[in-house]
file target34.cif (mmCIF, N, CA and C atoms)
data_my_file
loop_
_atom_site.label_atom_id
_atom_site.label_comp_id
_atom_site.auth_asym_id
_atom_site.auth_seq_id
_atom_site.Cartn_x
_atom_site.Cartn_y
_atom_site.Cartn_z
N MET A 1 25.04 154.32 -80.35
CA MET A 1 24.10 153.81 -79.37
C MET A 1 22.70 154.24 -79.81
N ALA A 2 21.76 153.35 -79.67
CA ALA A 2 20.39 153.61 -80.10
C ALA A 2 19.74 154.66 -79.21
N LYS A 3 18.77 155.37 -79.79
CA LYS A 3 18.07 156.41 -79.03
C LYS A 3 17.37 155.82 -77.81
N PHE A 4 16.90 154.57 -77.94
CA PHE A 4 16.25 153.92 -76.81
C PHE A 4 17.22 153.78 -75.64
N ASP A 5 18.46 153.39 -75.92
CA ASP A 5 19.48 153.23 -74.89
C ASP A 5 19.82 154.58 -74.27
N GLN A 6 19.86 155.61 -75.08
CA GLN A 6 20.14 156.94 -74.56
C GLN A 6 19.01 157.40 -73.65
N ALA A 7 17.77 157.11 -74.03
CA ALA A 7 16.62 157.49 -73.20
C ALA A 7 16.65 156.75 -71.87
N LYS A 8 17.02 155.46 -71.91
CA LYS A 8 17.13 154.68 -70.67
C LYS A 8 18.19 155.27 -69.76
N LEU A 9 19.31 155.65 -70.34
CA LEU A 9 20.40 156.23 -69.57
C LEU A 9 19.97 157.56 -68.95
N LEU A 10 19.25 158.36 -69.70
CA LEU A 10 18.75 159.64 -69.18
C LEU A 10 17.78 159.41 -68.03
N MET A 11 16.92 158.41 -68.15
CA MET A 11 15.98 158.10 -67.06
C MET A 11 16.73 157.65 -65.81
N LYS A 12 17.78 156.86 -65.99
CA LYS A 12 18.59 156.43 -64.84
C LYS A 12 19.26 157.61 -64.18
N ALA A 13 19.75 158.54 -64.98
CA ALA A 13 20.42 159.73 -64.44
C ALA A 13 19.44 160.58 -63.63
N ARG A 14 18.22 160.72 -64.12
CA ARG A 14 17.22 161.50 -63.39
C ARG A 14 16.84 160.81 -62.09
N LYS A 15 16.74 159.48 -62.13
CA LYS A 15 16.43 158.72 -60.92
C LYS A 15 17.54 158.89 -59.89
N LEU A 16 18.78 158.82 -60.36
CA LEU A 16 19.93 159.01 -59.48
C LEU A 16 19.91 160.39 -58.85
N GLN A 17 19.58 161.40 -59.64
CA GLN A 17 19.53 162.77 -59.12
C GLN A 17 18.48 162.87 -58.01
N LYS A 18 17.32 162.26 -58.20
CA LYS A 18 16.28 162.30 -57.17
C LYS A 18 16.72 161.56 -55.91
N GLU A 19 17.43 160.45 -56.09
CA GLU A 19 17.96 159.72 -54.93
C GLU A 19 18.94 160.59 -54.15
N LEU A 20 19.81 161.29 -54.86
CA LEU A 20 20.78 162.15 -54.20
C LEU A 20 20.10 163.32 -53.49
N GLN A 21 19.00 163.81 -54.04
CA GLN A 21 18.26 164.89 -53.39
C GLN A 21 17.73 164.44 -52.03
N ARG A 22 17.32 163.17 -51.95
CA ARG A 22 16.73 162.65 -50.71
C ARG A 22 17.76 162.24 -49.68
N GLU A 23 18.98 161.95 -50.10
CA GLU A 23 20.03 161.53 -49.18
C GLU A 23 20.48 162.72 -48.33
N ILE A 24 20.59 162.50 -47.02
CA ILE A 24 21.09 163.53 -46.12
C ILE A 24 22.31 162.97 -45.39
N ILE A 25 23.40 163.69 -45.48
CA ILE A 25 24.64 163.33 -44.80
C ILE A 25 24.81 164.28 -43.63
N VAL A 26 25.19 163.75 -42.48
CA VAL A 26 25.43 164.57 -41.31
C VAL A 26 26.91 164.46 -40.95
N ALA A 27 27.56 165.59 -40.83
CA ALA A 27 28.96 165.64 -40.41
C ALA A 27 29.05 166.54 -39.20
N GLU A 28 29.98 166.22 -38.31
CA GLU A 28 30.12 167.05 -37.12
C GLU A 28 31.57 167.35 -36.82
N ALA A 29 31.76 168.36 -36.00
CA ALA A 29 33.10 168.75 -35.56
C ALA A 29 33.00 169.24 -34.12
N GLY A 30 34.14 169.31 -33.46
CA GLY A 30 34.17 169.78 -32.08
C GLY A 30 33.41 168.86 -31.15
N ASP A 31 33.56 167.55 -31.35
CA ASP A 31 32.84 166.55 -30.52
C ASP A 31 31.35 166.80 -30.50
N GLY A 32 30.80 167.17 -31.65
CA GLY A 32 29.36 167.36 -31.77
C GLY A 32 28.90 168.79 -31.51
N ALA A 33 29.83 169.70 -31.29
CA ALA A 33 29.46 171.10 -31.05
C ALA A 33 28.82 171.70 -32.30
N VAL A 34 29.27 171.26 -33.47
CA VAL A 34 28.73 171.74 -34.73
C VAL A 34 28.33 170.54 -35.57
N LYS A 35 27.11 170.56 -36.09
CA LYS A 35 26.63 169.51 -36.99
C LYS A 35 26.12 170.17 -38.26
N VAL A 36 26.49 169.57 -39.38
CA VAL A 36 26.07 170.08 -40.69
C VAL A 36 25.32 168.96 -41.40
N GLU A 37 24.13 169.30 -41.91
CA GLU A 37 23.37 168.36 -42.72
C GLU A 37 23.43 168.86 -44.15
N ILE A 38 23.77 167.94 -45.06
CA ILE A 38 23.92 168.31 -46.47
C ILE A 38 23.27 167.22 -47.31
N SER A 39 22.67 167.61 -48.41
CA SER A 39 22.05 166.62 -49.29
C SER A 39 23.12 165.97 -50.16
N GLY A 40 22.73 164.88 -50.81
CA GLY A 40 23.63 164.21 -51.74
C GLY A 40 23.98 165.08 -52.93
N GLU A 41 23.24 166.16 -53.12
CA GLU A 41 23.54 167.12 -54.19
C GLU A 41 24.43 168.25 -53.69
N GLN A 42 24.95 168.10 -52.48
CA GLN A 42 25.85 169.07 -51.86
C GLN A 42 25.18 170.40 -51.56
N LYS A 43 23.92 170.34 -51.18
CA LYS A 43 23.21 171.54 -50.74
C LYS A 43 23.05 171.46 -49.23
N ILE A 44 23.54 172.48 -48.54
CA ILE A 44 23.44 172.48 -47.08
C ILE A 44 21.97 172.61 -46.69
N GLN A 45 21.54 171.70 -45.84
CA GLN A 45 20.16 171.68 -45.37
C GLN A 45 20.03 172.39 -44.02
N LYS A 46 21.03 172.17 -43.15
CA LYS A 46 20.93 172.72 -41.80
C LYS A 46 22.31 172.73 -41.16
N ILE A 47 22.54 173.74 -40.34
CA ILE A 47 23.73 173.79 -39.49
C ILE A 47 23.23 173.96 -38.06
N HIS A 48 23.67 173.03 -37.19
CA HIS A 48 23.27 173.09 -35.78
C HIS A 48 24.51 173.36 -34.94
N ILE A 49 24.39 174.32 -34.04
CA ILE A 49 25.48 174.65 -33.12
C ILE A 49 24.96 174.45 -31.70
N ASP A 50 25.65 173.62 -30.93
CA ASP A 50 25.28 173.37 -29.54
C ASP A 50 25.80 174.53 -28.69
N PRO A 51 24.91 175.38 -28.18
CA PRO A 51 25.37 176.56 -27.45
C PRO A 51 26.14 176.23 -26.17
N GLU A 52 25.89 175.06 -25.61
CA GLU A 52 26.59 174.69 -24.38
C GLU A 52 28.02 174.24 -24.65
N ALA A 53 28.33 173.91 -25.89
CA ALA A 53 29.67 173.45 -26.25
C ALA A 53 30.53 174.57 -26.82
N ILE A 54 29.96 175.75 -26.90
CA ILE A 54 30.66 176.88 -27.54
C ILE A 54 31.17 177.86 -26.49
N ASN A 55 32.41 178.28 -26.66
CA ASN A 55 32.99 179.32 -25.84
C ASN A 55 32.94 180.61 -26.67
N LEU A 56 32.07 181.53 -26.30
CA LEU A 56 31.91 182.75 -27.08
C LEU A 56 33.15 183.64 -27.08
N ASP A 57 34.07 183.35 -26.17
CA ASP A 57 35.32 184.10 -26.16
C ASP A 57 36.31 183.56 -27.19
N ASP A 58 35.95 182.43 -27.84
CA ASP A 58 36.83 181.83 -28.84
C ASP A 58 36.03 181.55 -30.12
N ILE A 59 35.59 182.62 -30.75
CA ILE A 59 34.80 182.51 -31.97
C ILE A 59 35.63 181.86 -33.09
N GLY A 60 36.93 182.04 -33.06
CA GLY A 60 37.80 181.42 -34.06
C GLY A 60 37.67 179.90 -34.04
N GLN A 61 37.54 179.32 -32.85
CA GLN A 61 37.38 177.87 -32.75
C GLN A 61 36.05 177.44 -33.37
N LEU A 62 35.00 178.20 -33.11
CA LEU A 62 33.69 177.90 -33.69
C LEU A 62 33.77 177.97 -35.21
N GLU A 63 34.43 178.98 -35.74
CA GLU A 63 34.58 179.10 -37.19
C GLU A 63 35.33 177.89 -37.76
N ASN A 64 36.37 177.45 -37.06
CA ASN A 64 37.12 176.27 -37.51
C ASN A 64 36.24 175.03 -37.52
N TRP A 65 35.43 174.84 -36.47
CA TRP A 65 34.55 173.68 -36.40
C TRP A 65 33.52 173.70 -37.52
N ILE A 66 32.97 174.87 -37.81
CA ILE A 66 32.00 174.97 -38.90
C ILE A 66 32.67 174.61 -40.22
N GLU A 67 33.85 175.15 -40.44
CA GLU A 67 34.58 174.85 -41.67
C GLU A 67 34.88 173.35 -41.78
N GLU A 68 35.34 172.74 -40.69
CA GLU A 68 35.64 171.31 -40.69
C GLU A 68 34.40 170.48 -41.01
N ALA A 69 33.28 170.82 -40.37
CA ALA A 69 32.05 170.06 -40.57
C ALA A 69 31.54 170.20 -42.01
N VAL A 70 31.60 171.41 -42.56
CA VAL A 70 31.15 171.62 -43.94
C VAL A 70 32.04 170.85 -44.91
N LYS A 71 33.35 170.92 -44.73
CA LYS A 71 34.27 170.20 -45.61
C LYS A 71 34.02 168.69 -45.53
N ALA A 72 33.83 168.17 -44.32
CA ALA A 72 33.57 166.73 -44.16
C ALA A 72 32.25 166.34 -44.82
N ALA A 73 31.23 167.17 -44.67
CA ALA A 73 29.92 166.87 -45.27
C ALA A 73 30.02 166.86 -46.80
N ILE A 74 30.72 167.83 -47.36
CA ILE A 74 30.89 167.89 -48.82
C ILE A 74 31.66 166.67 -49.31
N SER A 75 32.72 166.32 -48.61
CA SER A 75 33.51 165.15 -48.99
C SER A 75 32.66 163.88 -48.97
N GLU A 76 31.87 163.70 -47.93
CA GLU A 76 31.01 162.52 -47.84
C GLU A 76 29.95 162.51 -48.94
N SER A 77 29.39 163.67 -49.25
CA SER A 77 28.37 163.72 -50.31
C SER A 77 29.00 163.42 -51.67
N GLN A 78 30.25 163.85 -51.88
CA GLN A 78 30.95 163.53 -53.13
C GLN A 78 31.19 162.03 -53.25
N LYS A 79 31.59 161.40 -52.14
CA LYS A 79 31.81 159.95 -52.14
C LYS A 79 30.50 159.22 -52.46
N LEU A 80 29.42 159.67 -51.83
CA LEU A 80 28.12 159.04 -52.06
C LEU A 80 27.72 159.15 -53.53
N ALA A 81 27.87 160.34 -54.10
CA ALA A 81 27.50 160.54 -55.50
C ALA A 81 28.37 159.67 -56.41
N ALA A 82 29.65 159.58 -56.11
CA ALA A 82 30.55 158.76 -56.93
C ALA A 82 30.16 157.29 -56.87
N GLU A 83 29.81 156.82 -55.67
CA GLU A 83 29.39 155.42 -55.52
C GLU A 83 28.12 155.15 -56.31
N LYS A 84 27.17 156.06 -56.25
CA LYS A 84 25.91 155.86 -56.94
C LYS A 84 26.07 155.98 -58.46
N MET A 85 27.05 156.77 -58.90
CA MET A 85 27.25 156.97 -60.34
C MET A 85 28.10 155.87 -60.96
N GLN A 86 28.82 155.12 -60.17
CA GLN A 86 29.74 154.10 -60.69
C GLN A 86 29.07 153.17 -61.70
N PRO A 87 27.87 152.62 -61.42
CA PRO A 87 27.26 151.73 -62.41
C PRO A 87 26.94 152.41 -63.75
N MET A 88 26.73 153.72 -63.71
CA MET A 88 26.41 154.44 -64.96
C MET A 88 27.65 154.73 -65.80
N MET A 89 28.82 154.67 -65.19
CA MET A 89 30.03 155.04 -65.92
C MET A 89 30.26 154.11 -67.12
N GLY A 90 29.96 152.84 -66.96
CA GLY A 90 30.12 151.91 -68.07
C GLY A 90 29.21 152.27 -69.23
N ALA A 91 27.97 152.63 -68.91
CA ALA A 91 27.02 153.02 -69.94
C ALA A 91 27.48 154.30 -70.64
N LEU A 92 28.03 155.23 -69.89
CA LEU A 92 28.52 156.47 -70.50
C LEU A 92 29.68 156.20 -71.42
N SER A 93 30.54 155.26 -71.06
CA SER A 93 31.68 154.95 -71.94
C SER A 93 31.19 154.35 -73.26
N ASN A 94 30.04 153.67 -73.22
CA ASN A 94 29.46 153.13 -74.46
C ASN A 94 28.99 154.24 -75.38
N LEU A 95 28.72 155.41 -74.80
CA LEU A 95 28.30 156.56 -75.61
C LEU A 95 29.51 157.30 -76.18
N GLY A 96 30.68 156.86 -75.77
CA GLY A 96 31.89 157.53 -76.25
C GLY A 96 32.26 158.72 -75.39
N LEU A 97 31.71 158.79 -74.17
CA LEU A 97 32.03 159.91 -73.27
C LEU A 97 33.11 159.55 -72.30
#
call {"tool": "encode", "arguments": {"input": "target34.cif", "output": "structure tokens"}}
result
Amino acid sequence: MAKFDQAKLLMKARKLQKELQREIIVAEAGDGAVKVEISGEQKIQKIHIDPEAINLDDIGQLENWIEEAVKAAISESQKLAAEKMQPMMGALSNLGL
């Protein structure tokens, strides 16, 4: 593959990375008691806990909701990244990768 094609592919990859940085996915658990915001790069931006929906006598439930919301957010960000990378996969195969 020509160096020009490789440079174009690198520019597309950088553009994709910037797009993923700007994407924010919100996942929730416990009927909205816990909300997690995560970027398309799988970096947690914010965790919100609704104090009125939390029973402080059951911290285990809160921990479960946080875990569920984080797992869902990561899963959604992975799906988003895979969808955005799909068009580049053909170009990568041309490089022999």
call {"tool": "select_by_dssp", "arguments": {"input": "target34.cif", "residues": "segment 29-96 of chain A", "states": "helix (DSSP H, G or I)", "output": "number ranges by chain"}}
result
A: 51-53, 59-94
call {"tool": "resolve_selection", "arguments": {"input": "target34.cif", "expression": "the PyMOL selection byres (((chain A and resi 35 and name CA) around 7) and name CA)", "output": "number ranges by chain"}}
result
A: 26-29, 32-34, 36-37, 47-49, 69
call {"tool": "atom_distance", "arguments": {"input": "target34.cif", "atom1": "atom C of Val70 of chain A", "atom2": "atom N of Met88 of chain A"}}
result
26.0 Å
call {"tool": "resolve_selection", "arguments": {"input": "target34.cif", "expression": "the PyMOL selection byres (((chain A and resi 16 and name CA) around 12) and name CA)", "output": "list of chain:residue names"}}
result
A:Leu9, A:Leu10, A:Met11, A:Lys12, A:Ala13, A:Arg14, A:Lys15, A:Gln17, A:Lys18, A:Glu19, A:Leu20, A:Gln21, A:Arg22, A:Glu23, A:Gly40, A:Glu41, A:Leu80, A:Ala81, A:Ala82, A:Glu83, A:Lys84, A:Met85, A:Gln86, A:Pro87, A:Met88
call {"tool": "write_last_selection", "arguments": {"input": "target34.cif", "atoms": "N, CA and C atoms", "output": "PDB file, keeping the file's coordinate frame"}}
result
ATOM      1  N   LEU A   9      19.310 155.650 -70.340  1.00  0.00           N
ATOM      2  CA  LEU A   9      20.400 156.230 -69.570  1.00  0.00           C
ATOM      3  C   LEU A   9      19.970 157.560 -68.950  1.00  0.00           C
ATOM      4  N   LEU A  10      19.250 158.360 -69.700  1.00  0.00           N
ATOM      5  CA  LEU A  10      18.750 159.640 -69.180  1.00  0.00           C
ATOM      6  C   LEU A  10      17.780 159.410 -68.030  1.00  0.00           C
ATOM      7  N   MET A  11      16.920 158.410 -68.150  1.00  0.00           N
ATOM      8  CA  MET A  11      15.980 158.100 -67.060  1.00  0.00           C
ATOM      9  C   MET A  11      16.730 157.650 -65.810  1.00  0.00           C
ATOM     10  N   LYS A  12      17.780 156.860 -65.990  1.00  0.00           N
ATOM     11  CA  LYS A  12      18.590 156.430 -64.840  1.00  0.00           C
ATOM     12  C   LYS A  12      19.260 157.610 -64.180  1.00  0.00           C
ATOM     13  N   ALA A  13      19.750 158.540 -64.980  1.00  0.00           N
ATOM     14  CA  ALA A  13      20.420 159.730 -64.440  1.00  0.00           C
ATOM     15  C   ALA A  13      19.440 160.580 -63.630  1.00  0.00           C
ATOM     16  N   ARG A  14      18.220 160.720 -64.120  1.00  0.00           N
ATOM     17  CA  ARG A  14      17.220 161.500 -63.390  1.00  0.00           C
ATOM     18  C   ARG A  14      16.840 160.810 -62.090  1.00  0.00           C
ATOM     19  N   LYS A  15      16.740 159.480 -62.130  1.00  0.00           N
ATOM     20  CA  LYS A  15      16.430 158.720 -60.920  1.00  0.00           C
ATOM     21  C   LYS A  15      17.540 158.890 -59.890  1.00  0.00           C
ATOM     22  N   GLN A  17      19.580 161.400 -59.640  1.00  0.00           N
ATOM     23  CA  GLN A  17      19.530 162.770 -59.120  1.00  0.00           C
ATOM     24  C   GLN A  17      18.480 162.870 -58.010  1.00  0.00           C
ATOM     25  N   LYS A  18      17.320 162.260 -58.200  1.00  0.00           N
ATOM     26  CA  LYS A  18      16.280 162.300 -57.170  1.00  0.00           C
ATOM     27  C   LYS A  18      16.720 161.560 -55.910  1.00  0.00           C
ATOM     28  N   GLU A  19      17.430 160.450 -56.090  1.00  0.00           N
ATOM     29  CA  GLU A  19      17.960 159.720 -54.930  1.00  0.00           C
ATOM     30  C   GLU A  19      18.940 160.590 -54.150  1.00  0.00           C
ATOM     31  N   LEU A  20      19.810 161.290 -54.860  1.00  0.00           N
ATOM     32  CA  LEU A  20      20.780 162.150 -54.200  1.00  0.00           C
ATOM     33  C   LEU A  20      20.100 163.320 -53.490  1.00  0.00           C
ATOM     34  N   GLN A  21      19.000 163.810 -54.040  1.00  0.00           N
ATOM     35  CA  GLN A  21      18.260 164.890 -53.390  1.00  0.00           C
ATOM     36  C   GLN A  21      17.730 164.440 -52.030  1.00  0.00           C
ATOM     37  N   ARG A  22      17.320 163.170 -51.950  1.00  0.00           N
ATOM     38  CA  ARG A  22      16.730 162.650 -50.710  1.00  0.00           C
ATOM     39  C   ARG A  22      17.760 162.240 -49.680  1.00  0.00           C
ATOM     40  N   GLU A  23      18.980 161.950 -50.100  1.00  0.00           N
ATOM     41  CA  GLU A  23      20.030 161.530 -49.180  1.00  0.00           C
ATOM     42  C   GLU A  23      20.480 162.720 -48.330  1.00  0.00           C
ATOM     43  N   GLY A  40      22.730 164.880 -50.810  1.00  0.00           N
ATOM     44  CA  GLY A  40      23.630 164.210 -51.740  1.00  0.00           C
ATOM     45  C   GLY A  40      23.980 165.080 -52.930  1.00  0.00           C
ATOM     46  N   GLU A  41      23.240 166.160 -53.120  1.00  0.00           N
ATOM     47  CA  GLU A  41      23.540 167.120 -54.190  1.00  0.00           C
ATOM     48  C   GLU A  41      24.430 168.250 -53.690  1.00  0.00           C
ATOM     49  N   LEU A  80      29.420 159.670 -51.830  1.00  0.00           N
ATOM     50  CA  LEU A  80      28.120 159.040 -52.060  1.00  0.00           C
ATOM     51  C   LEU A  80      27.720 159.150 -53.530  1.00  0.00           C
ATOM     52  N   ALA A  81      27.870 160.340 -54.100  1.00  0.00           N
ATOM     53  CA  ALA A  81      27.500 160.540 -55.500  1.00  0.00           C
ATOM     54  C   ALA A  81      28.370 159.670 -56.410  1.00  0.00           C
ATOM     55  N   ALA A  82      29.650 159.580 -56.110  1.00  0.00           N
ATOM     56  CA  ALA A  82      30.550 158.760 -56.930  1.00  0.00           C
ATOM     57  C   ALA A  82      30.160 157.290 -56.870  1.00  0.00           C
ATOM     58  N   GLU A  83      29.810 156.820 -55.670  1.00  0.00           N
ATOM     59  CA  GLU A  83      29.390 155.420 -55.520  1.00  0.00           C
ATOM     60  C   GLU A  83      28.120 155.150 -56.310  1.00  0.00           C
ATOM     61  N   LYS A  84      27.170 156.060 -56.250  1.00  0.00           N
ATOM     62  CA  LYS A  84      25.910 155.860 -56.940  1.00  0.00           C
ATOM     63  C   LYS A  84      26.070 155.980 -58.460  1.00  0.00           C
ATOM     64  N   MET A  85      27.050 156.770 -58.900  1.00  0.00           N
ATOM     65  CA  MET A  85      27.250 156.970 -60.340  1.00  0.00           C
ATOM     66  C   MET A  85      28.100 155.870 -60.960  1.00  0.00           C
ATOM     67  N   GLN A  86      28.820 155.120 -60.170  1.00  0.00           N
ATOM     68  CA  GLN A  86      29.740 154.100 -60.690  1.00  0.00           C
ATOM     69  C   GLN A  86      29.070 153.170 -61.700  1.00  0.00           C
ATOM     70  N   PRO A  87      27.870 152.620 -61.420  1.00  0.00           N
ATOM     71  CA  PRO A  87      27.260 151.730 -62.410  1.00  0.00           C
ATOM     72  C   PRO A  87      26.940 152.410 -63.750  1.00  0.00           C
ATOM     73  N   MET A  88      26.730 153.720 -63.710  1.00  0.00           N
ATOM     74  CA  MET A  88      26.410 154.440 -64.960  1.00  0.00           C
ATOM     75  C   MET A  88      27.650 154.730 -65.800  1.00  0.00           C
TER      76      MET A  88
END
call {"tool": "select_by_dssp", "arguments": {"input": "target34.cif", "residues": "chain A", "states": "strand (DSSP E)", "output": "list of chain:residue names"}}
result
A:Ile24, A:Ile25, A:Val26, A:Ala27, A:Glu28, A:Ala29, A:Val34, A:Lys35, A:Val36, A:Glu37, A:Ile38, A:Ser39, A:Ile44, A:Gln45, A:Lys46, A:Ile47, A:His48, A:Ile49
call {"tool": "closest_residue", "arguments": {"input": "target34.cif", "among": "A:Asp31, A:Glu76, A:Ile38, A:Glu68", "to": "Ile54 of chain A", "atoms": "only C-alpha atoms"}}
result
A:Asp31
call {"tool": "atom_distance", "arguments": {"input": "target34.cif", "atom1": "atom CA of Ile66 of chain A", "atom2": "atom N of Gln78 of chain A"}}
result
17.2 Å
call {"tool": "closest_residue", "arguments": {"input": "target34.cif", "among": "A:Lys8, A:Gly30, A:Glu67, A:Ile74", "to": "Glu52 of chain A", "atoms": "only C-alpha atoms"}}
result
A:Gly30
call {"tool": "atom_distance", "arguments": {"input": "target34.cif", "atom1": "atom C of Leu62 of chain A", "atom2": "atom C of Lys46 of chain A"}}
result
13.9 Å
